[in-house]
>>> print(open('input_6.cif').read())   # mmCIF, C-alpha atoms
data_my_file
#
loop_
_atom_site.group_PDB
_atom_site.id
_atom_site.type_symbol
_atom_site.label_atom_id
_atom_site.label_comp_id
_atom_site.auth_asym_id
_atom_site.auth_seq_id
_atom_site.Cartn_x
_atom_site.Cartn_y
_atom_site.Cartn_z
ATOM 1 C CA MET L 1 0.000 0.000 0.000
ATOM 2 C CA LYS L 2 1.419 3.367 -1.009
ATOM 3 C CA SER L 3 0.020 6.502 0.524
ATOM 4 C CA ARG L 4 1.037 9.837 2.003
ATOM 5 C CA GLN L 5 -1.588 9.555 4.673
ATOM 6 C CA LYS L 6 -1.368 7.905 8.067
ATOM 7 C CA PHE L 7 -2.691 4.458 8.855
ATOM 8 C CA ILE L 8 -4.145 2.958 11.990
ATOM 9 C CA ILE L 9 -3.367 -0.728 12.465
ATOM 10 C CA GLY L 10 -5.844 -2.936 14.287
ATOM 11 C CA ILE L 11 -5.015 -6.477 15.399
ATOM 12 C CA ASP L 12 -7.354 -9.261 16.518
ATOM 13 C CA GLU L 13 -7.274 -13.038 16.864
ATOM 14 C CA VAL L 14 -9.641 -15.960 16.526
ATOM 15 C CA GLY L 15 -9.397 -19.583 17.607
ATOM 16 C CA ARG L 16 -7.903 -19.057 21.055
ATOM 17 C CA GLY L 17 -10.291 -21.467 22.767
ATOM 18 C CA ALA L 18 -10.683 -24.055 19.999
ATOM 19 C CA LEU L 19 -9.722 -27.703 20.491
ATOM 20 C CA ALA L 20 -8.369 -28.020 16.962
ATOM 21 C CA GLY L 21 -6.805 -25.922 14.244
ATOM 22 C CA PRO L 22 -4.556 -22.873 14.481
ATOM 23 C CA VAL L 23 -4.929 -19.610 16.311
ATOM 24 C CA VAL L 24 -5.212 -16.961 13.596
ATOM 25 C CA VAL L 25 -4.293 -13.305 13.972
ATOM 26 C CA ALA L 26 -5.050 -10.583 11.441
ATOM 27 C CA ALA L 27 -3.520 -7.129 11.293
ATOM 28 C CA ALA L 28 -5.448 -4.514 9.313
ATOM 29 C CA ALA L 29 -4.140 -1.111 8.229
ATOM 30 C CA VAL L 30 -6.926 1.405 7.790
ATOM 31 C CA ALA L 31 -6.498 4.791 6.151
ATOM 32 C CA ALA L 32 -7.431 7.726 8.332
ATOM 33 C CA ASN L 33 -10.149 8.766 5.894
ATOM 34 C CA PHE L 34 -11.748 5.299 5.692
ATOM 35 C CA LYS L 35 -15.538 5.606 5.535
ATOM 36 C CA THR L 36 -18.210 2.918 5.852
ATOM 37 C CA GLN L 37 -21.306 5.098 5.453
ATOM 38 C CA GLY L 38 -21.826 4.129 1.831
ATOM 39 C CA THR L 39 -21.999 0.424 2.643
ATOM 40 C CA ARG L 40 -24.280 0.450 5.666
ATOM 41 C CA HIS L 41 -27.518 -0.145 3.791
ATOM 42 C CA LYS L 42 -26.132 -3.133 1.911
ATOM 43 C CA LEU L 43 -23.815 -4.688 4.514
ATOM 44 C CA GLY L 44 -25.213 -3.395 7.771
ATOM 45 C CA MET L 45 -23.088 -1.722 10.430
ATOM 46 C CA LEU L 46 -19.429 -2.636 10.668
ATOM 47 C CA ARG L 47 -19.127 -4.735 13.811
ATOM 48 C CA ASP L 48 -16.842 -7.180 15.538
ATOM 49 C CA SER L 49 -17.025 -10.537 13.751
ATOM 50 C CA LYS L 50 -18.778 -12.221 16.700
ATOM 51 C CA LYS L 51 -21.750 -9.904 16.187
ATOM 52 C CA LEU L 52 -22.128 -10.706 12.487
ATOM 53 C CA THR L 53 -23.631 -13.717 10.761
ATOM 54 C CA GLN L 54 -21.479 -15.828 8.468
ATOM 55 C CA LYS L 55 -23.144 -14.251 5.439
ATOM 56 C CA GLN L 56 -22.491 -10.753 6.779
ATOM 57 C CA ARG L 57 -18.857 -11.566 7.548
ATOM 58 C CA GLU L 58 -18.288 -12.930 4.048
ATOM 59 C CA ALA L 59 -19.879 -9.828 2.521
ATOM 60 C CA TRP L 60 -17.765 -7.509 4.640
ATOM 61 C CA PHE L 61 -14.625 -9.538 3.850
ATOM 62 C CA ALA L 62 -15.211 -9.186 0.114
ATOM 63 C CA TYR L 63 -15.745 -5.438 0.514
ATOM 64 C CA LEU L 64 -12.709 -4.920 2.757
ATOM 65 C CA LYS L 65 -10.433 -7.036 0.567
ATOM 66 C CA GLY L 66 -11.126 -4.805 -2.411
ATOM 67 C CA HIS L 67 -10.986 -1.471 -0.577
ATOM 68 C CA PRO L 68 -8.029 0.734 -1.658
ATOM 69 C CA GLY L 69 -7.737 2.263 1.808
ATOM 70 C CA ILE L 70 -7.259 -1.064 3.612
ATOM 71 C CA GLY L 71 -4.402 -3.519 3.760
ATOM 72 C CA PHE L 72 -4.030 -6.614 5.882
ATOM 73 C CA ALA L 73 -1.800 -9.536 6.765
ATOM 74 C CA VAL L 74 -2.545 -12.807 8.543
ATOM 75 C CA ALA L 75 -0.401 -15.111 10.695
ATOM 76 C CA ARG L 76 -1.204 -18.576 12.061
ATOM 77 C CA ILE L 77 0.248 -20.728 14.814
ATOM 78 C CA TYR L 78 -0.693 -24.402 14.532
ATOM 79 C CA PRO L 79 -1.425 -26.868 17.358
ATOM 80 C CA ARG L 80 2.165 -28.079 17.891
ATOM 81 C CA GLY L 81 3.335 -24.482 18.207
ATOM 82 C CA ILE L 82 0.475 -23.674 20.563
ATOM 83 C CA GLU L 83 1.401 -26.604 22.790
ATOM 84 C CA ARG L 84 5.067 -25.655 22.788
ATOM 85 C CA LEU L 85 4.494 -21.976 23.606
ATOM 86 C CA ASN L 86 1.050 -21.950 25.365
ATOM 87 C CA ILE L 87 -1.929 -20.264 23.749
ATOM 88 C CA SER L 88 -1.277 -16.717 24.962
ATOM 89 C CA SER L 89 2.344 -16.714 23.815
ATOM 90 C CA ALA L 90 1.319 -18.298 20.508
ATOM 91 C CA ALA L 91 -1.323 -15.634 19.875
ATOM 92 C CA ASN L 92 1.146 -12.869 20.765
ATOM 93 C CA LEU L 93 3.757 -14.337 18.416
ATOM 94 C CA ALA L 94 1.181 -14.478 15.609
ATOM 95 C CA ALA L 95 0.228 -10.857 16.343
ATOM 96 C CA LYS L 96 3.869 -9.798 16.045
ATOM 97 C CA ARG L 97 4.296 -11.701 12.774
ATOM 98 C CA ALA L 98 1.087 -10.363 11.220
ATOM 99 C CA CYS L 99 1.953 -6.792 12.173
ATOM 100 C CA LYS L 100 5.513 -7.123 10.838
ATOM 101 C CA ARG L 101 4.245 -8.533 7.526
ATOM 102 C CA LEU L 102 1.737 -5.722 7.165
ATOM 103 C CA ILE L 103 4.182 -2.927 7.978
ATOM 104 C CA SER L 104 6.673 -4.377 5.487
ATOM 105 C CA VAL L 105 4.297 -3.591 2.606
ATOM 106 C CA LEU L 106 3.276 -0.127 3.780
ATOM 107 C CA ARG L 107 5.102 2.670 1.977
ATOM 108 C CA PRO L 108 6.608 4.300 3.856
ATOM 109 C CA PRO L 109 6.550 2.195 7.056
ATOM 110 C CA SER L 110 6.493 5.464 9.028
ATOM 111 C CA SER L 111 2.938 5.972 7.753
ATOM 112 C CA VAL L 112 1.733 3.890 10.721
ATOM 113 C CA ALA L 113 0.339 6.323 13.268
ATOM 114 C CA ARG L 114 -0.885 3.899 15.917
ATOM 115 C CA ILE L 115 -1.338 0.173 16.544
ATOM 116 C CA TYR L 116 -4.286 -1.133 18.553
ATOM 117 C CA LEU L 117 -4.674 -4.722 19.761
ATOM 118 C CA ASP L 118 -7.785 -6.327 21.167
ATOM 119 C CA GLY L 119 -8.142 -7.854 24.618
ATOM 120 C CA GLY L 120 -5.122 -9.723 25.913
ATOM 121 C CA LEU L 121 -3.074 -9.532 22.709
ATOM 122 C CA PHE L 122 0.397 -8.029 22.680
ATOM 123 C CA LEU L 123 3.065 -7.641 20.010
ATOM 124 C CA GLY L 124 5.278 -10.497 21.117
ATOM 125 C CA SER L 125 4.844 -9.754 24.821
ATOM 126 C CA LYS L 126 3.560 -7.037 27.120
ATOM 127 C CA GLN L 127 7.120 -6.066 28.006
ATOM 128 C CA SER L 128 8.359 -5.787 24.414
ATOM 129 C CA GLN L 129 5.371 -3.925 22.981
ATOM 130 C CA PRO L 130 6.471 -0.689 21.228
ATOM 131 C CA PRO L 131 5.357 2.748 22.488
ATOM 132 C CA ASN L 132 2.986 3.323 19.558
ATOM 133 C CA ALA L 133 1.021 0.126 20.333
ATOM 134 C CA ALA L 134 -1.785 -0.232 22.862
ATOM 135 C CA THR L 135 -3.852 -3.202 24.006
ATOM 136 C CA LEU L 136 -7.464 -2.256 24.662
ATOM 137 C CA VAL L 137 -10.088 -4.174 26.600
ATOM 138 C CA LYS L 138 -13.063 -4.648 24.264
ATOM 139 C CA GLY L 139 -11.058 -2.985 21.528
ATOM 140 C CA ASP L 140 -13.178 -4.840 18.961
ATOM 141 C CA GLU L 141 -16.101 -2.685 20.074
ATOM 142 C CA LYS L 142 -14.202 0.615 19.983
ATOM 143 C CA ILE L 143 -11.666 0.675 17.159
ATOM 144 C CA THR L 144 -12.655 0.377 13.496
ATOM 145 C CA ALA L 145 -9.329 -1.194 12.510
ATOM 146 C CA ILE L 146 -9.751 -3.935 15.146
ATOM 147 C CA LYS L 147 -13.285 -4.667 13.940
ATOM 148 C CA ILE L 148 -11.912 -5.086 10.434
ATOM 149 C CA ALA L 149 -9.096 -7.330 11.670
ATOM 150 C CA SER L 150 -11.604 -9.487 13.562
ATOM 151 C CA ILE L 151 -13.638 -10.083 10.395
ATOM 152 C CA ILE L 152 -10.552 -10.923 8.341
ATOM 153 C CA ALA L 153 -9.220 -13.333 10.981
ATOM 154 C CA LYS L 154 -12.586 -15.049 11.420
ATOM 155 C CA VAL L 155 -13.260 -15.554 7.714
ATOM 156 C CA HIS L 156 -9.696 -16.729 7.126
ATOM 157 C CA ARG L 157 -9.846 -19.302 9.915
ATOM 158 C CA ASP L 158 -13.356 -20.520 9.099
ATOM 159 C CA ARG L 159 -12.339 -21.191 5.503
ATOM 160 C CA LEU L 160 -9.259 -23.034 6.690
ATOM 161 C CA MET L 161 -11.303 -25.224 9.045
ATOM 162 C CA CYS L 162 -13.685 -26.050 6.196
ATOM 163 C CA ARG L 163 -10.711 -27.222 4.146
ATOM 164 C CA LEU L 164 -9.490 -29.340 7.068
ATOM 165 C CA ALA L 165 -12.987 -30.847 7.308
ATOM 166 C CA LYS L 166 -12.439 -32.490 3.929
ATOM 167 C CA LYS L 167 -9.311 -34.243 5.176
ATOM 168 C CA TYR L 168 -10.645 -35.041 8.658
ATOM 169 C CA ALA L 169 -14.275 -35.679 7.803
ATOM 170 C CA ALA L 170 -15.130 -37.515 11.027
ATOM 171 C CA TYR L 171 -14.855 -34.427 13.222
ATOM 172 C CA GLY L 172 -17.200 -31.915 11.581
ATOM 173 C CA PHE L 173 -14.749 -29.016 11.495
ATOM 174 C CA ASP L 174 -16.883 -27.289 8.858
ATOM 175 C CA ILE L 175 -19.702 -27.052 11.394
ATOM 176 C CA HIS L 176 -18.064 -26.147 14.717
ATOM 177 C CA LYS L 177 -14.729 -24.833 13.374
ATOM 178 C CA GLY L 178 -12.776 -26.829 15.946
ATOM 179 C CA TYR L 179 -14.542 -25.555 19.057
ATOM 180 C CA GLY L 180 -15.722 -27.823 21.853
ATOM 181 C CA THR L 181 -19.296 -28.610 20.918
ATOM 182 C CA LYS L 182 -21.172 -31.699 22.072
ATOM 183 C CA ASN L 183 -20.761 -33.347 18.669
ATOM 184 C CA HIS L 184 -17.062 -32.534 18.566
ATOM 185 C CA TYR L 185 -16.460 -34.136 21.972
ATOM 186 C CA ALA L 186 -18.424 -37.181 20.845
ATOM 187 C CA ALA L 187 -16.265 -37.484 17.719
ATOM 188 C CA LEU L 188 -13.096 -37.185 19.793
ATOM 189 C CA LYS L 189 -14.198 -39.969 22.107
ATOM 190 C CA LYS L 190 -15.084 -42.163 19.148
ATOM 191 C CA PHE L 191 -12.194 -41.453 16.773
ATOM 192 C CA GLY L 192 -9.441 -40.088 19.011
ATOM 193 C CA ILE L 193 -7.267 -37.009 18.582
ATOM 194 C CA SER L 194 -6.242 -36.096 15.031
ATOM 195 C CA ALA L 195 -3.033 -34.440 13.878
ATOM 196 C CA VAL L 196 -4.726 -31.018 13.905
ATOM 197 C CA HIS L 197 -6.035 -31.239 17.470
ATOM 198 C CA ARG L 198 -4.404 -29.490 20.404
ATOM 199 C CA LYS L 199 -3.643 -32.405 22.685
ATOM 200 C CA THR L 200 -3.342 -30.289 25.819
ATOM 201 C CA PHE L 201 -6.779 -28.776 25.137
ATOM 202 C CA CYS L 202 -8.445 -32.171 24.850
ATOM 203 C CA ASN L 203 -8.096 -32.867 28.557
ATOM 204 C CA PHE L 204 -10.252 -35.951 28.802
ATOM 205 C CA ASP L 205 -9.779 -39.638 28.184
ATOM 206 C CA VAL L 206 -9.184 -39.867 24.431
ATOM 207 C CA LYS L 207 -6.329 -41.403 22.529
ATOM 208 C CA ALA L 208 -4.199 -39.855 19.845
ATOM 209 C CA LYS L 209 -5.073 -41.095 16.368
#
>>> encode(input="input_6.cif", output="structure tokens")
Amino acid sequence: MKSRQKFIIGIDEVGRGALAGPVVVAAAAVAANFKTQGTRHKLGMLRDSKKLTQKQREAWFAYLKGHPGIGFAVARIYPRGIERLNISSAANLAAKRACKRLISVLRPPSSVARIYLDGGLFLGSKQSQPPNAATLVKGDEKITAIKIASIIAKVHRDRLMCRLAKKYAAYGFDIHKGYGTKNHYAALKKFGISAVHRKTFCNFDVKAK
């Protein structure tokens, strides 16, 4: 993205509490003059991904992906990495990677005015977070760039879990996206833990497949 104007970067994650699949973090750079008024009638209000239906998220994703004032990058940490680092450290590492990838394509990199992260996310760690970055409680309700990042991360991960569902058909990843639903627990007890499950999250009597 090339621009003389300043960008706000918002960062959000999805998949923190899932039993399977990666934790996904998206970083979104939003131009200071970004406007959503013209899309409200068609797409509804821009909201955090948890407050949108799948259809609404997909529509917003298509709009955001093609918007000239928005850029984004995504990073994933898979189950083995999550188990090695712990989920918080894994999410923070993904946040750092996504942000670094995004800034590397901004021209100039100094066009970044501020970086906002949602909830308990930090760029690498709380101690190493740069001065221009801030972690905000309920940031996905306050900051437009974080709302955008939440939609991008959610759509990206959901599509990935649907692809994994084709390879691991017994678990229904396309339905629950790796989260601990009743049907998912039943499948785990019947078929065991797959290669894309987080073993330390499946803390009940099941065997690795």
>>> resolve_selection(input="input_6.cif", expression="the PyMOL selection byres ((chain L and resi 17) around 12)", output="PDB file with C-alpha atoms, keeping the file's coordinate frame")
ATOM      1  CA  GLU L  13      -7.274 -13.038  16.864  1.00  0.00           C
ATOM      2  CA  VAL L  14      -9.641 -15.960  16.526  1.00  0.00           C
ATOM      3  CA  GLY L  15      -9.397 -19.583  17.607  1.00  0.00           C
ATOM      4  CA  ARG L  16      -7.903 -19.057  21.055  1.00  0.00           C
ATOM      5  CA  ALA L  18     -10.683 -24.055  19.999  1.00  0.00           C
ATOM      6  CA  LEU L  19      -9.722 -27.703  20.491  1.00  0.00           C
ATOM      7  CA  ALA L  20      -8.369 -28.020  16.962  1.00  0.00           C
ATOM      8  CA  GLY L  21      -6.805 -25.922  14.244  1.00  0.00           C
ATOM      9  CA  PRO L  22      -4.556 -22.873  14.481  1.00  0.00           C
ATOM     10  CA  VAL L  23      -4.929 -19.610  16.311  1.00  0.00           C
ATOM     11  CA  VAL L  24      -5.212 -16.961  13.596  1.00  0.00           C
ATOM     12  CA  PRO L  79      -1.425 -26.868  17.358  1.00  0.00           C
ATOM     13  CA  ILE L  82       0.475 -23.674  20.563  1.00  0.00           C
ATOM     14  CA  ASN L  86       1.050 -21.950  25.365  1.00  0.00           C
ATOM     15  CA  ILE L  87      -1.929 -20.264  23.749  1.00  0.00           C
ATOM     16  CA  SER L  88      -1.277 -16.717  24.962  1.00  0.00           C
ATOM     17  CA  ALA L  91      -1.323 -15.634  19.875  1.00  0.00           C
ATOM     18  CA  LYS L 177     -14.729 -24.833  13.374  1.00  0.00           C
ATOM     19  CA  GLY L 178     -12.776 -26.829  15.946  1.00  0.00           C
ATOM     20  CA  TYR L 179     -14.542 -25.555  19.057  1.00  0.00           C
ATOM     21  CA  GLY L 180     -15.722 -27.823  21.853  1.00  0.00           C
ATOM     22  CA  THR L 181     -19.296 -28.610  20.918  1.00  0.00           C
ATOM     23  CA  HIS L 197      -6.035 -31.239  17.470  1.00  0.00           C
ATOM     24  CA  ARG L 198      -4.404 -29.490  20.404  1.00  0.00           C
ATOM     25  CA  THR L 200      -3.342 -30.289  25.819  1.00  0.00           C
ATOM     26  CA  PHE L 201      -6.779 -28.776  25.137  1.00  0.00           C
ATOM     27  CA  CYS L 202      -8.445 -32.171  24.850  1.00  0.00           C
TER      28      CYS L 202
END
>>> residues_near_point(input="input_6.cif", point="(-2.0, -14.0, 15.9)", cutoff="9 Å", atoms="all atoms listed in the file", output="list in words")
Ile11, Asp12, Glu13, Val14, Val23, Val24, Val25, Ala26, Ala27, Val74, Ala75, Arg76, Ile77, Ala90, Ala91, Asn92, Leu93, Ala94, Ala95, Lys96, Arg97, Ala98, Leu121 and Ala153 of chain L
>>> closest_residue(input="input_6.cif", among="L:Arg57, L:Lys6, L:Lys189, L:Lys42", to="Ile151 of chain L", atoms="all atoms listed in the file")
L:Arg57
>>> residues_near_point(input="input_6.cif", point="(-17.0, -39.1, 19.9)", cutoff="12 Å", atoms="all atoms listed in the file", output="tab-separated table (two decimals) with C-alpha atoms, in the frame of the given file")
chain	number	residue	atom	x	y	z
L	170	ALA	CA	-15.13	-37.52	11.03
L	171	TYR	CA	-14.86	-34.43	13.22
L	172	GLY	CA	-17.20	-31.92	11.58
L	180	GLY	CA	-15.72	-27.82	21.85
L	181	THR	CA	-19.30	-28.61	20.92
L	182	LYS	CA	-21.17	-31.70	22.07
L	183	ASN	CA	-20.76	-33.35	18.67
L	184	HIS	CA	-17.06	-32.53	18.57
L	185	TYR	CA	-16.46	-34.14	21.97
L	186	ALA	CA	-18.42	-37.18	20.84
L	187	ALA	CA	-16.26	-37.48	17.72
L	188	LEU	CA	-13.10	-37.18	19.79
L	189	LYS	CA	-14.20	-39.97	22.11
L	190	LYS	CA	-15.08	-42.16	19.15
L	191	PHE	CA	-12.19	-41.45	16.77
L	192	GLY	CA	-9.44	-40.09	19.01
L	193	ILE	CA	-7.27	-37.01	18.58
L	204	PHE	CA	-10.25	-35.95	28.80
L	205	ASP	CA	-9.78	-39.64	28.18
L	206	VAL	CA	-9.18	-39.87	24.43
L	207	LYS	CA	-6.33	-41.40	22.53
>>> atom_distance(input="input_6.cif", atom1="atom CA of Leu106 of chain L", atom2="atom CA of Asp118 of chain L")
21.5 Å
>>> atom_distance(input="input_6.cif", atom1="atom CA of Gly139 of chain L", atom2="atom CA of Phe7 of chain L")
16.9 Å
>>> atom_distance(input="input_6.cif", atom1="atom CA of Leu85 of chain L", atom2="atom CA of Ile152 of chain L")
24.1 Å
>>> closest_residue(input="input_6.cif", among="L:His67, L:His156, L:Lys147, L:Lys50", to="Ala31 of chain L", atoms="all atoms listed in the file")
L:His67
>>> closest_residue(input="input_6.cif", among="L:Arg114, L:Arg157, L:His176, L:Lys138", to="Ile8 of chain L", atoms="only C-alpha atoms")
L:Arg114
>>> resolve_selection(input="input_6.cif", expression="the PyMOL selection byres ((chain L and resi 54) around 12)", output="ChimeraX atom specification")
/L:49-53,55-61,151-152,154-156,158-159,175
>>> closest_residue(input="input_6.cif", among="L:Gln127, L:Asn203, L:Ser194, L:Ser150", to="Leu64 of chain L", atoms="only C-alpha atoms")
L:Ser150
>>> closest_residue(input="input_6.cif", among="L:Phe72, L:Phe122, L:Tyr116, L:Tyr63", to="Ser89 of chain L", atoms="only C-alpha atoms")
L:Phe122
>>> closest_residue(input="input_6.cif", among="L:Val112, L:Ala195, L:Ile148, L:Leu164", to="Gly10 of chain L", atoms="all atoms listed in the file")
L:Ile148
